[in-house]
$ cat my_file_21.txt   # compact mmCIF, C-alpha atoms and all ligand atoms
# COMPACT_ATOMS: atom_id res chain seq x y z
CA MET Y 1 -11.59 104.14 108.35
CA VAL Y 2 -14.70 104.55 110.51
CA THR Y 3 -17.09 107.09 109.03
CA ASN Y 4 -18.94 109.67 111.11
CA LEU Y 5 -22.23 108.12 110.05
CA THR Y 6 -21.25 104.72 111.45
CA GLN Y 7 -20.04 106.27 114.69
CA GLN Y 8 -23.17 108.35 115.05
CA ALA Y 9 -25.43 105.35 114.39
CA ILE Y 10 -23.59 103.30 117.02
CA SER Y 11 -23.81 106.09 119.58
CA GLU Y 12 -27.57 106.56 119.01
CA ALA Y 13 -28.48 102.86 118.83
CA PRO Y 14 -30.39 100.99 121.53
CA GLU Y 15 -28.33 98.29 123.24
CA ILE Y 16 -26.28 96.34 120.68
CA SER Y 17 -25.48 92.77 121.58
CA GLN Y 18 -21.93 92.82 120.22
CA CYS Y 19 -18.78 94.90 120.36
CA ASN Y 20 -18.52 98.14 118.40
CA GLU Y 21 -15.52 96.82 116.45
CA ASN Y 22 -17.70 94.07 114.94
CA VAL Y 23 -20.45 96.49 114.08
CA VAL Y 24 -17.97 98.79 112.35
CA TRP Y 25 -16.43 95.81 110.53
CA VAL Y 26 -19.78 94.73 109.08
CA VAL Y 27 -20.88 98.21 108.12
CA GLU Y 28 -17.63 99.26 106.50
CA ASN Y 29 -16.94 95.97 104.69
CA TYR Y 30 -20.40 94.82 103.68
CA ILE Y 31 -22.94 97.63 103.90
CA TYR Y 32 -20.94 100.49 102.43
CA LYS Y 33 -18.97 98.38 99.94
CA PHE Y 34 -21.73 96.15 98.58
CA LYS Y 35 -24.78 98.33 99.24
CA PRO Y 36 -27.15 95.41 99.88
CA LYS Y 37 -30.70 95.94 98.70
CA ALA Y 38 -32.29 93.27 100.91
CA ILE Y 39 -31.00 92.75 104.44
CA VAL Y 40 -32.42 90.21 106.90
CA GLU Y 41 -31.39 89.86 110.54
CA VAL Y 42 -32.46 86.74 112.44
CA GLY Y 43 -32.50 87.64 116.16
CA THR Y 44 -33.22 91.30 116.91
CA TYR Y 45 -32.96 91.49 120.72
CA LYS Y 46 -33.28 95.23 121.50
CA GLY Y 47 -32.79 96.28 117.89
CA GLY Y 48 -29.37 97.87 118.39
CA PHE Y 49 -27.58 96.26 115.47
CA PHE Y 50 -30.67 96.58 113.30
CA TYR Y 51 -30.69 100.31 114.05
CA VAL Y 52 -27.12 100.66 112.78
CA LEU Y 53 -27.91 98.61 109.66
CA CYS Y 54 -30.94 100.82 108.98
CA LYS Y 55 -28.98 104.04 109.38
CA THR Y 56 -26.12 102.93 107.15
CA ALA Y 57 -27.93 100.92 104.43
CA PRO Y 58 -28.98 102.57 101.17
CA ARG Y 59 -32.31 104.41 101.41
CA ASN Y 60 -33.84 102.10 98.78
CA SER Y 61 -32.91 98.90 100.63
CA ILE Y 62 -35.45 96.71 102.37
CA LEU Y 63 -34.51 95.60 105.89
CA VAL Y 64 -36.28 92.91 107.90
CA THR Y 65 -35.51 91.69 111.40
CA VAL Y 66 -37.07 88.59 112.98
CA GLU Y 67 -37.46 88.20 116.75
CA VAL Y 68 -39.32 85.52 118.69
CA ASN Y 69 -39.48 87.49 121.94
CA PRO Y 70 -40.49 91.09 121.31
CA GLN Y 71 -40.48 92.03 125.00
CA HIS Y 72 -37.94 94.82 124.61
CA LEU Y 73 -39.08 96.06 121.23
CA ASN Y 74 -41.52 98.67 120.06
CA LYS Y 75 -42.60 97.71 116.54
CA TRP Y 76 -43.37 101.26 115.47
CA GLU Y 77 -40.08 102.54 116.78
CA VAL Y 78 -38.07 99.77 115.04
CA GLU Y 79 -39.96 100.30 111.79
CA GLY Y 80 -39.19 104.03 112.01
CA TYR Y 81 -35.45 103.36 111.74
CA HIS Y 82 -35.66 103.35 107.94
CA PRO Y 83 -38.40 103.92 105.33
CA ASN Y 84 -38.34 100.19 104.45
CA ALA Y 85 -37.66 98.62 107.87
CA HIS Y 86 -39.82 95.73 109.08
CA LEU Y 87 -39.95 93.85 112.37
CA ILE Y 88 -41.46 90.38 112.13
CA VAL Y 89 -42.35 88.83 115.46
CA GLY Y 90 -42.08 85.05 115.46
CA ASP Y 91 -39.86 82.00 115.31
CA SER Y 92 -37.21 82.14 112.60
CA HIS Y 93 -37.73 78.39 112.07
CA SER Y 94 -41.35 78.85 111.11
CA LYS Y 95 -42.20 78.58 107.42
CA ALA Y 96 -45.09 81.00 107.97
CA ILE Y 97 -42.67 83.61 109.33
CA GLN Y 98 -40.35 83.04 106.41
CA SER Y 99 -43.25 83.53 104.00
CA ARG Y 100 -44.03 86.88 105.62
CA VAL Y 101 -40.42 87.93 105.05
CA THR Y 102 -40.38 86.78 101.41
CA LYS Y 103 -43.61 88.64 100.79
CA ILE Y 104 -41.97 91.85 102.05
CA LEU Y 105 -38.88 91.27 99.91
CA GLY Y 106 -40.93 90.63 96.76
CA ASP Y 107 -38.71 89.09 94.12
CA LYS Y 108 -35.46 90.31 95.73
CA PRO Y 109 -33.02 87.70 97.04
CA ILE Y 110 -31.46 88.47 100.42
CA ASP Y 111 -28.02 89.91 99.78
CA PHE Y 112 -26.98 90.24 103.43
CA LEU Y 113 -28.29 87.75 106.00
CA PHE Y 114 -27.21 88.11 109.64
CA ILE Y 115 -27.81 85.00 111.79
CA ASP Y 116 -27.81 85.88 115.49
CA ALA Y 117 -30.70 84.08 117.20
CA ASN Y 118 -30.50 80.88 119.26
CA HIS Y 119 -26.81 79.87 119.36
CA ASN Y 120 -27.26 76.14 120.03
CA TYR Y 121 -25.85 74.09 117.16
CA GLY Y 122 -29.16 72.57 115.98
CA PHE Y 123 -30.86 75.96 116.00
CA VAL Y 124 -28.18 77.94 114.23
CA LYS Y 125 -27.80 75.14 111.66
CA LYS Y 126 -31.54 75.17 111.03
CA ASP Y 127 -31.48 78.96 110.62
CA PHE Y 128 -28.75 78.54 108.03
CA GLU Y 129 -30.54 75.70 106.21
CA LEU Y 130 -33.84 77.52 106.14
CA TRP Y 131 -32.69 81.02 105.24
CA SER Y 132 -29.62 80.50 103.04
CA PRO Y 133 -31.65 79.28 100.02
CA LEU Y 134 -33.06 82.83 99.88
CA VAL Y 135 -29.60 84.40 99.82
CA CYS Y 136 -27.65 85.53 96.81
CA GLY Y 137 -24.79 87.36 98.53
CA PHE Y 138 -23.46 87.10 102.09
CA VAL Y 139 -24.40 85.13 105.18
CA ALA Y 140 -22.90 86.42 108.44
CA PHE Y 141 -22.86 84.52 111.73
CA HIS Y 142 -22.36 86.21 115.06
CA ASP Y 143 -20.57 84.48 117.97
CA ILE Y 144 -18.26 82.19 116.02
CA TYR Y 145 -15.81 82.38 118.98
CA TYR Y 146 -18.43 82.08 121.72
CA GLN Y 147 -17.29 79.06 123.72
CA GLU Y 148 -20.11 79.03 126.28
CA VAL Y 149 -22.71 78.20 123.62
CA PRO Y 150 -20.50 76.96 120.78
CA GLY Y 151 -23.20 76.20 118.18
CA ALA Y 152 -22.18 79.00 115.83
CA MET Y 153 -18.51 78.10 116.37
CA ARG Y 154 -19.12 74.47 115.37
CA LEU Y 155 -21.20 75.35 112.34
CA TRP Y 156 -18.68 77.98 111.27
CA ALA Y 157 -15.88 75.36 111.37
CA GLU Y 158 -17.97 73.12 109.07
CA ILE Y 159 -18.73 75.98 106.71
CA LYS Y 160 -15.07 76.95 106.45
CA GLU Y 161 -14.28 73.40 105.30
CA LYS Y 162 -16.76 73.71 102.45
CA SER Y 163 -16.28 77.27 101.28
CA LYS Y 164 -13.51 79.06 99.38
CA PHE Y 165 -14.58 82.55 100.43
CA THR Y 166 -14.86 83.12 104.15
CA CYS Y 167 -13.91 86.15 106.16
CA GLU Y 168 -13.78 86.74 109.93
CA SER Y 169 -13.78 89.66 112.27
CA GLY Y 170 -11.45 88.61 115.06
CA GLN Y 171 -12.96 90.99 117.61
CA GLY Y 172 -15.13 90.09 120.60
CA GLN Y 173 -17.15 86.92 120.02
CA GLY Y 174 -16.35 87.12 116.32
CA ILE Y 175 -18.36 87.34 113.15
CA GLY Y 176 -17.90 84.99 110.21
CA VAL Y 177 -19.08 85.83 106.71
CA VAL Y 178 -19.47 83.43 103.81
CA MET Y 179 -20.65 83.92 100.25
CA CYS Y 180 -23.71 81.98 99.24
CA LYS Y 181 -25.86 81.56 96.16
CA HIS Y 182 -29.32 80.17 96.86
CA GLY Y 183 -28.10 77.87 99.62
CA ARG Y 184 -24.90 76.84 97.81
CA LEU Y 185 -21.68 77.94 99.52
CA LEU Y 186 -19.18 79.63 97.23
C1 LIG K 201 -27.93 87.71 120.62
S1 LIG K 201 -29.55 88.34 120.55
C2 LIG K 201 -29.55 89.27 119.04
C3 LIG K 201 -28.74 90.51 119.13
C4 LIG K 201 -28.88 91.46 117.96
N1 LIG K 201 -28.68 90.78 116.69
C5 LIG K 201 -27.81 92.54 118.09
O1 LIG K 201 -26.71 92.38 117.52
O2 LIG K 201 -28.06 93.55 118.78
C6 LIG K 201 -30.44 86.92 120.09
C7 LIG K 201 -31.95 87.18 119.92
O3 LIG K 201 -32.49 86.10 119.17
C8 LIG K 201 -33.79 85.83 119.63
N2 LIG K 201 -34.15 84.47 119.20
C9 LIG K 201 -33.78 83.29 119.75
N3 LIG K 201 -34.32 82.27 119.08
C10 LIG K 201 -35.05 82.81 118.07
C11 LIG K 201 -35.86 82.28 117.02
N4 LIG K 201 -36.00 80.95 116.88
N5 LIG K 201 -36.44 83.12 116.17
C12 LIG K 201 -36.28 84.46 116.29
N6 LIG K 201 -35.54 85.03 117.27
C13 LIG K 201 -34.93 84.22 118.14
C14 LIG K 201 -33.67 86.01 121.14
O4 LIG K 201 -34.95 86.24 121.72
C15 LIG K 201 -32.72 87.20 121.25
O5 LIG K 201 -33.44 88.41 121.36
$ encode --input "my_file_21.txt" --output "structure tokens"
Amino acid sequence: MVTNLTQQAISEAPEISQCNENVVWVVENYIYKFKPKAIVEVGTYKGGFFYVLCKTAPRNSILVTVEVNPQHLNKWEVEGYHPNAHLIVGDSHSKAIQSRVTKILGDKPIDFLFIDANHNYGFVKKDFELWSPLVCGFVAFHDIYYQEVPGAMRLWAEIKEKSKFTCESGQGQGIGVVMCKHGRLL
């Protein structure tokens, strides 16, 4: 069932780089059900998906989005989406950027990580290797069916071999979600 809040957030959001069915799938299955306290998105683009996450996450959550090219983003606007929303401008592969994120999160592990930045295999793999040790919860990958740049697709196939708990949204370019505890796949 799609709630009014989800629908409203989608209709108000700036451009979202994925189909509405995927957005609804994430919100209904992971945000409402598990109420993550620390959400990190890698790859913001225009902030559309981040907007929906901010509007549907618990008010006491902390949300951080990381974007290397902030051309389309207004930091103050993005940070106004939620009382604890943060936009970090920089390369998700940079340790300095990661330190800024961990400082914001304090001692909280990430309980929902959304990887949606550079989709070439080496890049998406590095995002996973660098960020998953901070996760105690879920890691979601966008574009697991995206054949034109199949990096997420290839990594997702490898992850499925190693994990007992994976789940996919079969809509659009697909989203794959895996459970992870400090870098270890469950
Ligand atoms: C597909 S878009 C993200 C869409 C957004 N998650 C959404 O659903 O609306 C990918 C974004 O990742 C950014 N990006 C690419 N490489 C990056 C990196 N190394 N670090 C941070 N952001 C990166 C790109 O600039 C682009 O804006």
$ residues_around --input "my_file_21.txt" --residues "region 91-93 of chain Y" --least-positions-apart "6" --cutoff "9 Å" --atoms "all atoms listed in the file" --output "CSV table (one decimal) with C-alpha atoms, keeping the file's coordinate frame"
chain,number,residue,atom,x,y,z
Y,42,VAL,CA,-32.5,86.7,112.4
Y,43,GLY,CA,-32.5,87.6,116.2
Y,66,VAL,CA,-37.1,88.6,113.0
Y,67,GLU,CA,-37.5,88.2,116.8
Y,68,VAL,CA,-39.3,85.5,118.7
Y,69,ASN,CA,-39.5,87.5,121.9
Y,117,ALA,CA,-30.7,84.1,117.2
Y,123,PHE,CA,-30.9,76.0,116.0
Y,126,LYS,CA,-31.5,75.2,111.0
Y,127,ASP,CA,-31.5,79.0,110.6
Y,130,LEU,CA,-33.8,77.5,106.1
Y,131,TRP,CA,-32.7,81.0,105.2
$ residues_near_ligand --input "my_file_21.txt" --ligand "ligand LIG 201 (chain K)" --cutoff "10 Å" --atoms "all atoms listed in the file" --output "mmCIF file with C-alpha atoms, keeping the file's coordinate frame"
data_model
loop_
_atom_site.group_PDB
_atom_site.id
_atom_site.type_symbol
_atom_site.label_atom_id
_atom_site.label_comp_id
_atom_site.auth_asym_id
_atom_site.auth_seq_id
_atom_site.Cartn_x
_atom_site.Cartn_y
_atom_site.Cartn_z
ATOM 1 C CA ALA Y 13 -28.480 102.860 118.830
ATOM 2 C CA PRO Y 14 -30.390 100.990 121.530
ATOM 3 C CA GLU Y 15 -28.330 98.290 123.240
ATOM 4 C CA ILE Y 16 -26.280 96.340 120.680
ATOM 5 C CA SER Y 17 -25.480 92.770 121.580
ATOM 6 C CA GLN Y 18 -21.930 92.820 120.220
ATOM 7 C CA CYS Y 19 -18.780 94.900 120.360
ATOM 8 C CA ASN Y 22 -17.700 94.070 114.940
ATOM 9 C CA VAL Y 23 -20.450 96.490 114.080
ATOM 10 C CA GLU Y 41 -31.390 89.860 110.540
ATOM 11 C CA VAL Y 42 -32.460 86.740 112.440
ATOM 12 C CA GLY Y 43 -32.500 87.640 116.160
ATOM 13 C CA THR Y 44 -33.220 91.300 116.910
ATOM 14 C CA TYR Y 45 -32.960 91.490 120.720
ATOM 15 C CA LYS Y 46 -33.280 95.230 121.500
ATOM 16 C CA GLY Y 47 -32.790 96.280 117.890
ATOM 17 C CA GLY Y 48 -29.370 97.870 118.390
ATOM 18 C CA PHE Y 49 -27.580 96.260 115.470
ATOM 19 C CA PHE Y 50 -30.670 96.580 113.300
ATOM 20 C CA TYR Y 51 -30.690 100.310 114.050
ATOM 21 C CA VAL Y 52 -27.120 100.660 112.780
ATOM 22 C CA THR Y 65 -35.510 91.690 111.400
ATOM 23 C CA VAL Y 66 -37.070 88.590 112.980
ATOM 24 C CA GLU Y 67 -37.460 88.200 116.750
ATOM 25 C CA VAL Y 68 -39.320 85.520 118.690
ATOM 26 C CA ASN Y 69 -39.480 87.490 121.940
ATOM 27 C CA PRO Y 70 -40.490 91.090 121.310
ATOM 28 C CA GLN Y 71 -40.480 92.030 125.000
ATOM 29 C CA HIS Y 72 -37.940 94.820 124.610
ATOM 30 C CA LEU Y 73 -39.080 96.060 121.230
ATOM 31 C CA ILE Y 88 -41.460 90.380 112.130
ATOM 32 C CA VAL Y 89 -42.350 88.830 115.460
ATOM 33 C CA GLY Y 90 -42.080 85.050 115.460
ATOM 34 C CA ASP Y 91 -39.860 82.000 115.310
ATOM 35 C CA SER Y 92 -37.210 82.140 112.600
ATOM 36 C CA HIS Y 93 -37.730 78.390 112.070
ATOM 37 C CA SER Y 94 -41.350 78.850 111.110
ATOM 38 C CA ILE Y 97 -42.670 83.610 109.330
ATOM 39 C CA PHE Y 114 -27.210 88.110 109.640
ATOM 40 C CA ILE Y 115 -27.810 85.000 111.790
ATOM 41 C CA ASP Y 116 -27.810 85.880 115.490
ATOM 42 C CA ALA Y 117 -30.700 84.080 117.200
ATOM 43 C CA ASN Y 118 -30.500 80.880 119.260
ATOM 44 C CA HIS Y 119 -26.810 79.870 119.360
ATOM 45 C CA ASN Y 120 -27.260 76.140 120.030
ATOM 46 C CA PHE Y 123 -30.860 75.960 116.000
ATOM 47 C CA VAL Y 124 -28.180 77.940 114.230
ATOM 48 C CA LYS Y 126 -31.540 75.170 111.030
ATOM 49 C CA ASP Y 127 -31.480 78.960 110.620
ATOM 50 C CA PHE Y 141 -22.860 84.520 111.730
ATOM 51 C CA HIS Y 142 -22.360 86.210 115.060
ATOM 52 C CA ASP Y 143 -20.570 84.480 117.970
#
$ closest_residue --input "my_file_21.txt" --among "Y:Pro109, Y:Pro150, Y:Val78, Y:Tyr30" --to "Val178 (chain Y)" --atoms "all atoms listed in the file"
Y:Tyr30
$ atom_distance --input "my_file_21.txt" --atom1 "CA of Tyr145 (chain Y)" --atom2 "CA of Phe128 (chain Y)"
17.4 Å
$ closest_residue --input "my_file_21.txt" --among "Y:Met153, Y:Val26, Y:Leu63, Y:Met179" --to "Ile39 (chain Y)" --atoms "only C-alpha atoms"
Y:Leu63
$ atom_distance --input "my_file_21.txt" --atom1 "CA of Lys33 (chain Y)" --atom2 "CA of Lys75 (chain Y)"
28.9 Å
$ atom_distance --input "my_file_21.txt" --atom1 "CA of Ser169 (chain Y)" --atom2 "CA of Gln7 (chain Y)"
17.9 Å
$ build_atoms --input "my_file_21.txt" --residues "region 149-171 of chain Y" --atoms "N, CA and C atoms" --output "compact mmCIF listing (two decimals), keeping the file's coordinate frame"
# COMPACT_ATOMS: atom_id res chain seq x y z
N VAL Y 149 -21.68 78.87 124.44
CA VAL Y 149 -22.71 78.20 123.62
C VAL Y 149 -22.10 78.08 122.22
N PRO Y 150 -21.36 76.98 121.97
CA PRO Y 150 -20.50 76.96 120.78
C PRO Y 150 -21.16 76.50 119.48
N GLY Y 151 -22.50 76.66 119.39
CA GLY Y 151 -23.20 76.20 118.18
C GLY Y 151 -22.73 76.92 116.92
N ALA Y 152 -22.61 78.24 117.01
CA ALA Y 152 -22.18 79.00 115.83
C ALA Y 152 -20.72 78.66 115.50
N MET Y 153 -19.94 78.44 116.55
CA MET Y 153 -18.51 78.10 116.37
C MET Y 153 -18.37 76.77 115.61
N ARG Y 154 -19.20 75.80 116.02
CA ARG Y 154 -19.12 74.47 115.37
C ARG Y 154 -19.60 74.55 113.92
N LEU Y 155 -20.69 75.25 113.71
CA LEU Y 155 -21.20 75.35 112.34
C LEU Y 155 -20.22 76.13 111.46
N TRP Y 156 -19.62 77.16 112.04
CA TRP Y 156 -18.68 77.98 111.27
C TRP Y 156 -17.48 77.13 110.83
N ALA Y 157 -17.01 76.24 111.72
CA ALA Y 157 -15.88 75.36 111.37
C ALA Y 157 -16.28 74.46 110.19
N GLU Y 158 -17.50 73.98 110.18
CA GLU Y 158 -17.97 73.12 109.07
C GLU Y 158 -18.07 73.93 107.78
N ILE Y 159 -18.56 75.14 107.90
CA ILE Y 159 -18.73 75.98 106.71
C ILE Y 159 -17.37 76.32 106.10
N LYS Y 160 -16.41 76.59 106.96
CA LYS Y 160 -15.07 76.95 106.45
C LYS Y 160 -14.45 75.80 105.64
N GLU Y 161 -14.78 74.57 106.03
CA GLU Y 161 -14.28 73.40 105.30
C GLU Y 161 -14.83 73.35 103.87
N LYS Y 162 -16.05 73.89 103.73
CA LYS Y 162 -16.76 73.71 102.45
C LYS Y 162 -16.68 74.93 101.54
N SER Y 163 -16.20 76.05 102.06
CA SER Y 163 -16.28 77.27 101.28
C SER Y 163 -14.90 77.84 100.97
N LYS Y 164 -14.80 78.45 99.77
CA LYS Y 164 -13.51 79.06 99.38
C LYS Y 164 -13.43 80.49 99.88
N PHE Y 165 -14.58 81.12 100.12
CA PHE Y 165 -14.58 82.55 100.43
C PHE Y 165 -15.18 82.80 101.80
N THR Y 166 -14.35 82.77 102.82
CA THR Y 166 -14.86 83.12 104.15
C THR Y 166 -14.00 84.25 104.71
N CYS Y 167 -14.60 85.01 105.58
CA CYS Y 167 -13.91 86.15 106.16
C CYS Y 167 -14.35 86.27 107.62
N GLU Y 168 -13.43 86.65 108.51
CA GLU Y 168 -13.78 86.74 109.93
C GLU Y 168 -13.36 88.06 110.52
N SER Y 169 -14.21 88.57 111.41
CA SER Y 169 -13.78 89.66 112.27
C SER Y 169 -13.27 89.00 113.53
N GLY Y 170 -12.05 89.28 113.90
CA GLY Y 170 -11.45 88.61 115.06
C GLY Y 170 -11.77 89.29 116.38
N GLN Y 171 -12.68 90.23 116.39
CA GLN Y 171 -12.96 90.99 117.61
C GLN Y 171 -14.06 90.31 118.43
